[in-house]
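Engineer: Take a look at final_7.cif, mmCIF, C-alpha atoms:
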data_structure
#
loop_
_atom_site.group_PDB
_atom_site.id
_atom_site.type_symbol
_atom_site.label_atom_id
_atom_site.label_comp_id
_atom_site.auth_asym_id
_atom_site.auth_seq_id
_atom_site.Cartn_x
_atom_site.Cartn_y
_atom_site.Cartn_z
ATOM 1 C CA MET K 14 -49.210 -80.005 -19.316
ATOM 2 C CA ILE K 15 -49.893 -79.003 -22.918
ATOM 3 C CA PRO K 16 -52.942 -80.858 -24.327
ATOM 4 C CA TRP K 17 -52.300 -83.245 -27.197
ATOM 5 C CA TYR K 18 -54.451 -81.250 -29.568
ATOM 6 C CA CYS K 19 -52.081 -78.296 -29.176
ATOM 7 C CA ASN K 20 -49.187 -80.353 -30.526
ATOM 8 C CA ILE K 21 -50.563 -81.542 -33.855
ATOM 9 C CA PRO K 22 -48.032 -80.565 -36.537
ATOM 10 C CA LEU K 23 -49.166 -77.638 -38.703
ATOM 11 C CA LEU K 24 -52.838 -77.933 -37.726
ATOM 12 C CA SER K 25 -52.375 -76.741 -34.149
ATOM 13 C CA TYR K 26 -50.486 -73.664 -35.324
ATOM 14 C CA ILE K 27 -53.318 -72.804 -37.711
ATOM 15 C CA PHE K 28 -56.122 -73.457 -35.203
ATOM 16 C CA LEU K 29 -54.348 -71.480 -32.485
ATOM 17 C CA LEU K 30 -53.672 -68.619 -34.944
ATOM 18 C CA GLY K 31 -49.968 -68.798 -34.207
ATOM 19 C CA LYS K 32 -50.342 -68.103 -30.478
ATOM 20 C CA CYS K 33 -50.042 -70.127 -27.289
ATOM 21 C CA LYS K 34 -53.451 -71.341 -26.094
ATOM 22 C CA PHE K 35 -52.800 -70.238 -22.520
ATOM 23 C CA CYS K 36 -50.521 -67.173 -22.465
ATOM 24 C CA LYS K 37 -51.288 -65.956 -25.998
ATOM 25 C CA THR K 38 -47.584 -65.472 -26.742
ATOM 26 C CA GLY K 39 -46.817 -65.627 -30.440
ATOM 27 C CA ILE K 40 -45.302 -68.865 -31.730
ATOM 28 C CA SER K 41 -42.469 -68.532 -34.236
ATOM 29 C CA PRO K 42 -43.490 -69.481 -37.789
ATOM 30 C CA VAL K 43 -40.248 -71.465 -37.949
ATOM 31 C CA TYR K 44 -41.984 -74.330 -36.136
ATOM 32 C CA PRO K 45 -44.730 -74.946 -38.726
ATOM 33 C CA LEU K 46 -42.177 -74.331 -41.496
ATOM 34 C CA VAL K 47 -39.966 -77.127 -40.164
ATOM 35 C CA GLU K 48 -43.009 -79.376 -39.789
ATOM 36 C CA LEU K 49 -44.084 -78.648 -43.372
ATOM 37 C CA MET K 50 -40.605 -79.270 -44.754
ATOM 38 C CA THR K 51 -40.357 -82.569 -42.876
ATOM 39 C CA ALA K 52 -43.770 -83.699 -44.127
ATOM 40 C CA LEU K 53 -42.912 -82.835 -47.743
ATOM 41 C CA LEU K 54 -39.554 -84.588 -47.407
ATOM 42 C CA ALA K 55 -41.257 -87.753 -46.171
ATOM 43 C CA LEU K 56 -43.878 -87.564 -48.928
ATOM 44 C CA PHE K 57 -41.361 -87.127 -51.759
ATOM 45 C CA LEU K 58 -39.107 -89.863 -50.375
ATOM 46 C CA PHE K 59 -42.058 -92.229 -50.088
ATOM 47 C CA ARG K 60 -43.085 -91.551 -53.685
ATOM 48 C CA ARG K 61 -39.522 -92.189 -54.817
ATOM 49 C CA TYR K 62 -38.556 -95.222 -52.720
ATOM 50 C CA GLY K 63 -41.690 -96.607 -51.081
ATOM 51 C CA LEU K 64 -41.370 -98.132 -47.613
ATOM 52 C CA TYR K 65 -37.922 -99.575 -48.221
ATOM 53 C CA ARG K 66 -34.512 -99.014 -46.667
ATOM 54 C CA PRO K 67 -33.535 -95.948 -48.729
ATOM 55 C CA PHE K 68 -36.701 -94.218 -47.538
ATOM 56 C CA LEU K 69 -35.698 -94.626 -43.881
ATOM 57 C CA ILE K 70 -32.032 -93.782 -44.522
ATOM 58 C CA TYR K 71 -32.703 -90.592 -46.447
ATOM 59 C CA LEU K 72 -35.545 -89.564 -44.147
ATOM 60 C CA TYR K 73 -33.102 -89.620 -41.236
ATOM 61 C CA PHE K 74 -30.507 -87.779 -43.295
ATOM 62 C CA GLY K 75 -32.988 -85.200 -44.570
ATOM 63 C CA CYS K 76 -34.394 -84.513 -41.110
ATOM 64 C CA ALA K 77 -30.858 -84.015 -39.796
ATOM 65 C CA MET K 78 -30.162 -81.572 -42.636
ATOM 66 C CA ILE K 79 -33.324 -79.609 -41.846
ATOM 67 C CA VAL K 80 -32.312 -79.361 -38.191
ATOM 68 C CA LEU K 81 -28.769 -78.257 -39.075
ATOM 69 C CA MET K 82 -30.133 -75.799 -41.633
ATOM 70 C CA PHE K 83 -32.040 -73.815 -39.029
ATOM 71 C CA ILE K 84 -29.542 -74.197 -36.181
ATOM 72 C CA ASP K 85 -26.783 -72.761 -38.356
ATOM 73 C CA TYR K 86 -29.015 -70.008 -39.710
ATOM 74 C CA TYR K 87 -30.021 -68.746 -36.279
ATOM 75 C CA HIS K 88 -26.998 -69.652 -34.155
ATOM 76 C CA ARG K 89 -24.061 -70.119 -36.570
ATOM 77 C CA LEU K 90 -23.518 -73.501 -34.959
ATOM 78 C CA LEU K 91 -23.385 -77.081 -36.239
ATOM 79 C CA PRO K 92 -23.504 -79.433 -33.226
ATOM 80 C CA ASP K 93 -21.011 -82.311 -33.187
ATOM 81 C CA ARG K 94 -23.655 -84.608 -31.748
ATOM 82 C CA ILE K 95 -25.462 -84.387 -35.103
ATOM 83 C CA THR K 96 -22.577 -84.094 -37.586
ATOM 84 C CA LEU K 97 -20.062 -86.523 -36.088
ATOM 85 C CA SER K 98 -22.685 -89.098 -35.163
ATOM 86 C CA GLY K 99 -24.043 -88.618 -38.677
ATOM 87 C CA VAL K 100 -20.675 -89.595 -40.146
ATOM 88 C CA VAL K 101 -20.749 -92.853 -38.193
ATOM 89 C CA ILE K 102 -24.397 -93.609 -38.941
ATOM 90 C CA GLY K 103 -24.001 -92.711 -42.614
ATOM 91 C CA PHE K 104 -21.106 -95.101 -43.053
ATOM 92 C CA ALA K 105 -22.872 -97.852 -41.073
ATOM 93 C CA VAL K 106 -26.051 -97.722 -43.171
ATOM 94 C CA SER K 107 -24.014 -97.745 -46.399
ATOM 95 C CA PHE K 108 -23.705 -101.512 -45.871
ATOM 96 C CA VAL K 109 -27.478 -101.879 -46.335
ATOM 97 C CA ASN K 110 -28.147 -98.972 -48.690
ATOM 98 C CA PRO K 111 -28.745 -100.201 -52.269
ATOM 99 C CA ASP K 112 -27.945 -96.699 -53.574
ATOM 100 C CA LEU K 113 -24.515 -96.533 -51.985
ATOM 101 C CA GLY K 114 -21.788 -98.960 -50.941
ATOM 102 C CA PRO K 115 -19.274 -98.675 -48.087
ATOM 103 C CA LEU K 116 -16.440 -97.748 -50.456
ATOM 104 C CA GLN K 117 -18.350 -94.792 -51.937
ATOM 105 C CA SER K 118 -19.341 -93.718 -48.431
ATOM 106 C CA ALA K 119 -15.754 -93.939 -47.157
ATOM 107 C CA ILE K 120 -14.458 -91.906 -50.111
ATOM 108 C CA GLY K 121 -17.247 -89.400 -49.509
ATOM 109 C CA ILE K 122 -16.211 -89.036 -45.878
ATOM 110 C CA ALA K 123 -12.567 -88.581 -46.852
ATOM 111 C CA LEU K 124 -13.322 -85.980 -49.526
ATOM 112 C CA GLY K 125 -15.899 -84.270 -47.360
ATOM 113 C CA GLY K 126 -13.296 -83.799 -44.677
ATOM 114 C CA LEU K 127 -10.191 -83.291 -46.812
ATOM 115 C CA LEU K 128 -11.244 -80.830 -49.533
ATOM 116 C CA PRO K 129 -12.880 -78.304 -47.187
ATOM 117 C CA THR K 130 -9.925 -78.614 -44.804
ATOM 118 C CA LEU K 131 -7.533 -77.665 -47.610
ATOM 119 C CA VAL K 132 -9.737 -74.689 -48.497
ATOM 120 C CA PHE K 133 -9.921 -73.755 -44.810
ATOM 121 C CA LEU K 134 -6.135 -73.822 -44.396
ATOM 122 C CA LEU K 135 -5.415 -72.067 -47.702
ATOM 123 C CA TYR K 136 -7.909 -69.276 -47.018
ATOM 124 C CA LYS K 137 -6.599 -68.821 -43.503
ATOM 125 C CA TRP K 138 -3.022 -68.664 -44.801
ATOM 126 C CA ILE K 139 -3.870 -66.087 -47.481
ATOM 127 C CA ARG K 140 -6.436 -63.937 -45.669
ATOM 128 C CA LYS K 141 -5.214 -64.515 -42.081
ATOM 129 C CA LYS K 142 -8.736 -65.423 -40.985
ATOM 130 C CA GLU K 143 -11.117 -68.354 -41.154
ATOM 131 C CA GLY K 144 -13.304 -68.555 -44.235
ATOM 132 C CA MET K 145 -15.120 -71.723 -43.204
ATOM 133 C CA GLY K 146 -16.042 -73.100 -39.806
ATOM 134 C CA GLN K 147 -14.859 -76.494 -38.667
ATOM 135 C CA GLY K 148 -18.505 -77.439 -38.185
ATOM 136 C CA ASP K 149 -19.003 -77.058 -41.947
ATOM 137 C CA ILE K 150 -16.188 -79.535 -42.547
ATOM 138 C CA LYS K 151 -17.758 -82.108 -40.226
ATOM 139 C CA MET K 152 -21.131 -81.553 -41.871
ATOM 140 C CA LEU K 153 -19.655 -82.165 -45.329
ATOM 141 C CA ALA K 154 -18.068 -85.374 -44.066
ATOM 142 C CA MET K 155 -21.548 -86.415 -42.914
ATOM 143 C CA VAL K 156 -22.967 -85.576 -46.335
ATOM 144 C CA GLY K 157 -20.238 -87.683 -47.941
ATOM 145 C CA ALA K 158 -21.046 -90.578 -45.621
ATOM 146 C CA PHE K 159 -24.708 -90.636 -46.620
ATOM 147 C CA LEU K 160 -24.490 -89.598 -50.272
ATOM 148 C CA GLY K 161 -21.070 -90.771 -51.468
ATOM 149 C CA TRP K 162 -18.354 -88.841 -53.261
ATOM 150 C CA LYS K 163 -20.204 -88.053 -56.490
ATOM 151 C CA ARG K 164 -23.150 -86.386 -54.829
ATOM 152 C CA LEU K 165 -20.813 -84.741 -52.340
ATOM 153 C CA LEU K 166 -19.057 -82.938 -55.196
ATOM 154 C CA LEU K 167 -22.411 -81.658 -56.439
ATOM 155 C CA VAL K 168 -23.289 -80.483 -52.943
ATOM 156 C CA LEU K 169 -19.949 -78.676 -52.644
ATOM 157 C CA PHE K 170 -20.450 -76.945 -55.989
ATOM 158 C CA ALA K 171 -24.110 -76.054 -55.440
ATOM 159 C CA SER K 172 -23.686 -74.805 -51.874
ATOM 160 C CA SER K 173 -20.651 -72.714 -52.823
ATOM 161 C CA LEU K 174 -22.521 -71.247 -55.801
ATOM 162 C CA VAL K 175 -25.607 -70.402 -53.753
ATOM 163 C CA GLY K 176 -23.456 -69.026 -50.935
ATOM 164 C CA SER K 177 -21.558 -66.800 -53.355
ATOM 165 C CA ILE K 178 -24.758 -65.462 -54.919
ATOM 166 C CA VAL K 179 -26.338 -64.802 -51.523
ATOM 167 C CA GLY K 180 -23.123 -63.143 -50.344
ATOM 168 C CA LEU K 181 -22.998 -60.828 -53.332
ATOM 169 C CA LEU K 182 -26.672 -59.917 -53.001
ATOM 170 C CA GLY K 183 -26.141 -59.319 -49.304
ATOM 171 C CA MET K 184 -23.334 -56.877 -49.999
ATOM 172 C CA LEU K 185 -25.212 -55.099 -52.792
ATOM 173 C CA ILE K 186 -28.684 -54.929 -51.258
ATOM 174 C CA PHE K 187 -28.197 -55.157 -47.492
ATOM 175 C CA ARG K 188 -24.765 -53.536 -47.373
ATOM 176 C CA LYS K 189 -23.169 -56.501 -45.642
ATOM 177 C CA THR K 190 -19.386 -56.411 -45.474
ATOM 178 C CA SER K 191 -17.012 -59.211 -46.416
ATOM 179 C CA HIS K 192 -16.580 -59.852 -42.682
ATOM 180 C CA PHE K 193 -20.227 -60.862 -42.239
ATOM 181 C CA GLU K 194 -20.543 -64.514 -41.228
ATOM 182 C CA TRP K 195 -22.920 -66.299 -43.578
ATOM 183 C CA PRO K 196 -24.494 -69.614 -42.481
ATOM 184 C CA PHE K 197 -22.728 -71.901 -44.959
ATOM 185 C CA GLY K 198 -24.195 -74.952 -43.212
ATOM 186 C CA THR K 199 -27.637 -73.762 -44.289
ATOM 187 C CA PHE K 200 -26.532 -73.747 -47.930
ATOM 188 C CA ILE K 201 -24.961 -77.199 -47.527
ATOM 189 C CA ALA K 202 -28.201 -78.583 -46.103
ATOM 190 C CA ILE K 203 -30.314 -77.209 -48.952
ATOM 191 C CA ALA K 204 -27.914 -78.581 -51.560
ATOM 192 C CA ALA K 205 -27.698 -81.965 -49.810
ATOM 193 C CA ILE K 206 -31.470 -82.456 -49.719
ATOM 194 C CA ALA K 207 -31.687 -81.443 -53.379
ATOM 195 C CA ALA K 208 -28.911 -83.915 -54.231
ATOM 196 C CA VAL K 209 -30.926 -86.805 -52.796
ATOM 197 C CA PHE K 210 -33.586 -86.251 -55.458
ATOM 198 C CA TRP K 211 -31.854 -84.687 -58.449
ATOM 199 C CA SER K 212 -28.212 -85.782 -58.443
ATOM 200 C CA SER K 213 -28.818 -88.682 -60.835
ATOM 201 C CA PHE K 214 -30.508 -86.345 -63.304
ATOM 202 C CA VAL K 215 -27.612 -83.890 -63.150
ATOM 203 C CA TRP K 216 -24.951 -86.562 -63.604
ATOM 204 C CA SER K 217 -26.717 -88.277 -66.515
ATOM 205 C CA HIS K 218 -27.945 -85.219 -68.418
ATOM 206 C CA PHE K 219 -25.195 -82.678 -67.860
ATOM 207 C CA LEU K 220 -22.061 -84.505 -66.772
ATOM 208 C CA HIS K 221 -22.724 -87.770 -68.665
ATOM 209 C CA ILE K 222 -21.432 -89.984 -65.876
#
Could you render the structure as structure tokens?

Structural biologist:
Amino acid sequence: MIPWYCNIPLLSYIFLLGKCKFCKTGISPVYPLVELMTALLALFLFRRYGLYRPFLIYLYFGCAMIVLMFIDYYHRLLPDRITLSGVVIGFAVSFVNPDLGPLQSAIGIALGGLLPTLVFLLYKWIRKKEGMGQGDIKMLAMVGAFLGWKRLLLVLFASSLVGSIVGLLGMLIFRKTSHFEWPFGTFIAIAAIAAVFWSSFVWSHFLHI
């Protein structure tokens, strides 16, 4: 059994110098990175909302995005147990979320599923191959459920922009071909977490809505 003091987030990794206490095998830096990101997410949400319902709602959502971010990056996979359950949970909590009502959540789910599906079918029809995974579509529906349609549109734009830039840099610098499968779910997750904090600023200062 691993002692409790070997499982303290961040601190144990530092004290153990990134290695297992017993077998001295190196521990991936991804683990402390995820722990740090989760701690910062909780801190920023607490400063923004305090210990109220939005804090708990967006903490769950943000943690799910962090998990999906790394799963998709390393495995090119977005598990249904997270995305589809997230759609249901996101819509359910919209009834008690002061930032978002059930109607906005329902529209977000519909747009999150419909718009990417149209892009998926159109790209497949033109290029004869898939340009977006079905897991990405389910993930966007989850984003729409938690954030509503307005913030979903920002997430779609931002993730597509970042994905395009990364794709171009990958082809220019790392000689990746157009057939390389980029983890679009990772870009969605980054944009979704950013939208929780900065979407209001973007809408009011740049889009005037």

Engineer: In Å, how far is it from CA of Gly121 (chain K) to CA of Met155 (chain K)?

Structural biologist: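 CA of Met155 (chain K) lies at a distance of 8.4 Å from CA of Gly121 (chain K).
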
Engineer: Tell me, as a PyMOL selection string, which residues lie within 9 Å of region 209-212 of chain K, counting only C-alpha atoms; anything in the same chain fewer than 3 positions away does not count.

Structural biologist: chain K and resi 57-58+61+71+75+160+163-164+167+204-206+215-217

Engineer: Using only C-alpha atoms, please write the residues we just selected to a file, as a CSV table (one decimal), in the frame of the given file.

Structural biologist:
chain,number,residue,atom,x,y,z
K,57,PHE,CA,-41.4,-87.1,-51.8
K,58,LEU,CA,-39.1,-89.9,-50.4
K,61,ARG,CA,-39.5,-92.2,-54.8
K,71,TYR,CA,-32.7,-90.6,-46.4
K,75,GLY,CA,-33.0,-85.2,-44.6
K,160,LEU,CA,-24.5,-89.6,-50.3
K,163,LYS,CA,-20.2,-88.1,-56.5
K,164,ARG,CA,-23.2,-86.4,-54.8
K,167,LEU,CA,-22.4,-81.7,-56.4
K,204,ALA,CA,-27.9,-78.6,-51.6
K,205,ALA,CA,-27.7,-82.0,-49.8
K,206,ILE,CA,-31.5,-82.5,-49.7
K,215,VAL,CA,-27.6,-83.9,-63.2
K,216,TRP,CA,-25.0,-86.6,-63.6
K,217,SER,CA,-26.7,-88.3,-66.5

Engineer: Just how far from CA of Val156 (chain K) is CA of Ser118 (chain K), in Å to one decimal?

Structural biologist: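 Interatomic distance, CA of Ser118 (chain K) to CA of Val156 (chain K): 9.2 Å.
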
Engineer: Since I can't run it myself right now, could you work out what the PyMOL selection byres ((chain K and resi 81-84) around 10) selects here and report it as a PyMOL selection string?

Structural biologist: chain K and resi 43+47+75-80+85-92+95-96+152+196-203

Engineer: Residue by residue, what does the PyMOL selection byres ((chain K and resi 109) around 12) grab here? Present the result as a list in words.

Structural biologist: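 When the PyMOL selection byres ((chain K and resi 109) around 12) is applied to the shown file, the picked residues are Tyr65, Arg66, Pro67, Leu69, Ile70, Ile102, Gly103, Phe104, Ala105, Val106, Ser107, Phe108, Asn110, Pro111, Asp112, Leu113, Gly114, Pro115, Ser118 and Phe159 of chain K.
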
Engineer: Filtering to C-alpha atoms, could you give me those residues as a PDB file, in the frame of the given file?

Structural biologist:
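File out_2.pdb, as written:
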ATOM      1  CA  TYR K  65     -37.922 -99.575 -48.221  1.00  0.00           C
ATOM      2  CA  ARG K  66     -34.512 -99.014 -46.667  1.00  0.00           C
ATOM      3  CA  PRO K  67     -33.535 -95.948 -48.729  1.00  0.00           C
ATOM      4  CA  LEU K  69     -35.698 -94.626 -43.881  1.00  0.00           C
ATOM      5  CA  ILE K  70     -32.032 -93.782 -44.522  1.00  0.00           C
ATOM      6  CA  ILE K 102     -24.397 -93.609 -38.941  1.00  0.00           C
ATOM      7  CA  GLY K 103     -24.001 -92.711 -42.614  1.00  0.00           C
ATOM      8  CA  PHE K 104     -21.106 -95.101 -43.053  1.00  0.00           C
ATOM      9  CA  ALA K 105     -22.872 -97.852 -41.073  1.00  0.00           C
ATOM     10  CA  VAL K 106     -26.051 -97.722 -43.171  1.00  0.00           C
ATOM     11  CA  SER K 107     -24.014 -97.745 -46.399  1.00  0.00           C
ATOM     12  CA  PHE K 108     -23.705-101.512 -45.871  1.00  0.00           C
ATOM     13  CA  ASN K 110     -28.147 -98.972 -48.690  1.00  0.00           C
ATOM     14  CA  PRO K 111     -28.745-100.201 -52.269  1.00  0.00           C
ATOM     15  CA  ASP K 112     -27.945 -96.699 -53.574  1.00  0.00           C
ATOM     16  CA  LEU K 113     -24.515 -96.533 -51.985  1.00  0.00           C
ATOM     17  CA  GLY K 114     -21.788 -98.960 -50.941  1.00  0.00           C
ATOM     18  CA  PRO K 115     -19.274 -98.675 -48.087  1.00  0.00           C
ATOM     19  CA  SER K 118     -19.341 -93.718 -48.431  1.00  0.00           C
ATOM     20  CA  PHE K 159     -24.708 -90.636 -46.620  1.00  0.00           C
TER      21      PHE K 159
END

Engineer: Please evaluate the PyMOL selection byres ((chain K and resi 40) around 12) against the displayed coordinates and give the resulting residues as a PDB file with C-alpha atoms, keeping the file's coordinate frame.

Structural biologist:
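What landed in out-v4.pdb:
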ATOM      1  CA  CYS K  19     -52.081 -78.296 -29.176  1.00  0.00           C
ATOM      2  CA  LEU K  23     -49.166 -77.638 -38.703  1.00  0.00           C
ATOM      3  CA  SER K  25     -52.375 -76.741 -34.149  1.00  0.00           C
ATOM      4  CA  TYR K  26     -50.486 -73.664 -35.324  1.00  0.00           C
ATOM      5  CA  ILE K  27     -53.318 -72.804 -37.711  1.00  0.00           C
ATOM      6  CA  LEU K  29     -54.348 -71.480 -32.485  1.00  0.00           C
ATOM      7  CA  LEU K  30     -53.672 -68.619 -34.944  1.00  0.00           C
ATOM      8  CA  GLY K  31     -49.968 -68.798 -34.207  1.00  0.00           C
ATOM      9  CA  LYS K  32     -50.342 -68.103 -30.478  1.00  0.00           C
ATOM     10  CA  CYS K  33     -50.042 -70.127 -27.289  1.00  0.00           C
ATOM     11  CA  LYS K  34     -53.451 -71.341 -26.094  1.00  0.00           C
ATOM     12  CA  PHE K  35     -52.800 -70.238 -22.520  1.00  0.00           C
ATOM     13  CA  CYS K  36     -50.521 -67.173 -22.465  1.00  0.00           C
ATOM     14  CA  LYS K  37     -51.288 -65.956 -25.998  1.00  0.00           C
ATOM     15  CA  THR K  38     -47.584 -65.472 -26.742  1.00  0.00           C
ATOM     16  CA  GLY K  39     -46.817 -65.627 -30.440  1.00  0.00           C
ATOM     17  CA  SER K  41     -42.469 -68.532 -34.236  1.00  0.00           C
ATOM     18  CA  PRO K  42     -43.490 -69.481 -37.789  1.00  0.00           C
ATOM     19  CA  VAL K  43     -40.248 -71.465 -37.949  1.00  0.00           C
ATOM     20  CA  TYR K  44     -41.984 -74.330 -36.136  1.00  0.00           C
ATOM     21  CA  PRO K  45     -44.730 -74.946 -38.726  1.00  0.00           C
ATOM     22  CA  LEU K  46     -42.177 -74.331 -41.496  1.00  0.00           C
TER      23      LEU K  46
END

Engineer: At what distance in Å, to one decimal, does CA of Ala208 (chain K) lie from CA of Gly148 (chain K)?

Structural biologist: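 Atom-to-atom, CA of Gly148 (chain K) and CA of Ala208 (chain K) are spaced 20.2 Å apart.
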
Engineer: Counting all atoms listed in the file, what is within 10 Å of Pro129 (chain K), bar same-chain residues fewer than 5 positions away, as a short mmCIF file (atom, residue, chain, number, x, y, z; two decimals) with C-alpha atoms, keeping the file's coordinate frame?

Structural biologist:
data_model
loop_
_atom_site.label_atom_id
_atom_site.label_comp_id
_atom_site.auth_asym_id
_atom_site.auth_seq_id
_atom_site.Cartn_x
_atom_site.Cartn_y
_atom_site.Cartn_z
CA LEU K 124 -13.32 -85.98 -49.53
CA LEU K 134 -6.14 -73.82 -44.40
CA LEU K 135 -5.42 -72.07 -47.70
CA MET K 145 -15.12 -71.72 -43.20
CA GLY K 146 -16.04 -73.10 -39.81
CA GLN K 147 -14.86 -76.49 -38.67
CA ASP K 149 -19.00 -77.06 -41.95
CA ILE K 150 -16.19 -79.54 -42.55
CA LYS K 151 -17.76 -82.11 -40.23
CA LEU K 153 -19.66 -82.16 -45.33
CA ALA K 154 -18.07 -85.37 -44.07
CA LEU K 169 -19.95 -78.68 -52.64
#

Engineer: Please give the centre and size of the box around region 97-102 of chain K (axis-aligned, containing every atom listed in the file, 5 Å added per side), with values in Å to one decimal and written as JSON.

Structural biologist:
{"center_x": -22.2, "center_y": -90.1, "center_z": -37.7, "size_x": 14.3, "size_y": 17.1, "size_z": 15.0}

Engineer: Output region 71-87 of chain K with N, CA and C atoms present, as a PDB file, in the coordinates of the input.

Structural biologist:
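Saved the output as part.pdb:
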ATOM      1  N   TYR K  71     -32.702 -91.985 -45.995  1.00  0.00           N
ATOM      2  CA  TYR K  71     -32.703 -90.592 -46.447  1.00  0.00           C
ATOM      3  C   TYR K  71     -33.672 -89.730 -45.649  1.00  0.00           C
ATOM      4  N   LEU K  72     -34.669 -90.339 -45.031  1.00  0.00           N
ATOM      5  CA  LEU K  72     -35.545 -89.564 -44.147  1.00  0.00           C
ATOM      6  C   LEU K  72     -34.763 -89.109 -42.922  1.00  0.00           C
ATOM      7  N   TYR K  73     -33.955 -90.012 -42.368  1.00  0.00           N
ATOM      8  CA  TYR K  73     -33.102 -89.620 -41.236  1.00  0.00           C
ATOM      9  C   TYR K  73     -32.123 -88.531 -41.665  1.00  0.00           C
ATOM     10  N   PHE K  74     -31.488 -88.747 -42.799  1.00  0.00           N
ATOM     11  CA  PHE K  74     -30.507 -87.779 -43.295  1.00  0.00           C
ATOM     12  C   PHE K  74     -31.158 -86.424 -43.571  1.00  0.00           C
ATOM     13  N   GLY K  75     -32.303 -86.443 -44.233  1.00  0.00           N
ATOM     14  CA  GLY K  75     -32.988 -85.200 -44.570  1.00  0.00           C
ATOM     15  C   GLY K  75     -33.447 -84.447 -43.334  1.00  0.00           C
ATOM     16  N   CYS K  76     -33.962 -85.167 -42.347  1.00  0.00           N
ATOM     17  CA  CYS K  76     -34.394 -84.513 -41.110  1.00  0.00           C
ATOM     18  C   CYS K  76     -33.197 -83.881 -40.395  1.00  0.00           C
ATOM     19  N   ALA K  77     -32.063 -84.582 -40.403  1.00  0.00           N
ATOM     20  CA  ALA K  77     -30.858 -84.015 -39.796  1.00  0.00           C
ATOM     21  C   ALA K  77     -30.419 -82.755 -40.531  1.00  0.00           C
ATOM     22  N   MET K  78     -30.535 -82.755 -41.860  1.00  0.00           N
ATOM     23  CA  MET K  78     -30.162 -81.572 -42.636  1.00  0.00           C
ATOM     24  C   MET K  78     -31.093 -80.399 -42.334  1.00  0.00           C
ATOM     25  N   ILE K  79     -32.374 -80.670 -42.169  1.00  0.00           N
ATOM     26  CA  ILE K  79     -33.324 -79.609 -41.846  1.00  0.00           C
ATOM     27  C   ILE K  79     -32.989 -78.996 -40.486  1.00  0.00           C
ATOM     28  N   VAL K  80     -32.680 -79.846 -39.521  1.00  0.00           N
ATOM     29  CA  VAL K  80     -32.312 -79.361 -38.191  1.00  0.00           C
ATOM     30  C   VAL K  80     -31.051 -78.502 -38.265  1.00  0.00           C
ATOM     31  N   LEU K  81     -30.023 -79.002 -38.953  1.00  0.00           N
ATOM     32  CA  LEU K  81     -28.769 -78.257 -39.075  1.00  0.00           C
ATOM     33  C   LEU K  81     -28.965 -76.957 -39.845  1.00  0.00           C
ATOM     34  N   MET K  82     -29.846 -76.983 -40.824  1.00  0.00           N
ATOM     35  CA  MET K  82     -30.133 -75.799 -41.633  1.00  0.00           C
ATOM     36  C   MET K  82     -30.565 -74.630 -40.759  1.00  0.00           C
ATOM     37  N   PHE K  83     -31.496 -74.889 -39.848  1.00  0.00           N
ATOM     38  CA  PHE K  83     -32.040 -73.815 -39.029  1.00  0.00           C
ATOM     39  C   PHE K  83     -31.145 -73.484 -37.840  1.00  0.00           C
ATOM     40  N   ILE K  84     -30.476 -74.480 -37.275  1.00  0.00           N
ATOM     41  CA  ILE K  84     -29.542 -74.197 -36.181  1.00  0.00           C
ATOM     42  C   ILE K  84     -28.429 -73.283 -36.672  1.00  0.00           C
ATOM     43  N   ASP K  85     -27.883 -73.581 -37.843  1.00  0.00           N
ATOM     44  CA  ASP K  85     -26.783 -72.761 -38.356  1.00  0.00           C
ATOM     45  C   ASP K  85     -27.275 -71.369 -38.755  1.00  0.00           C
ATOM     46  N   TYR K  86     -28.481 -71.302 -39.290  1.00  0.00           N
ATOM     47  CA  TYR K  86     -29.015 -70.008 -39.710  1.00  0.00           C
ATOM     48  C   TYR K  86     -29.192 -69.073 -38.519  1.00  0.00           C
ATOM     49  N   TYR K  87     -29.714 -69.607 -37.424  1.00  0.00           N
ATOM     50  CA  TYR K  87     -30.021 -68.746 -36.279  1.00  0.00           C
ATOM     51  C   TYR K  87     -28.872 -68.630 -35.277  1.00  0.00           C
TER      52      TYR K  87
END
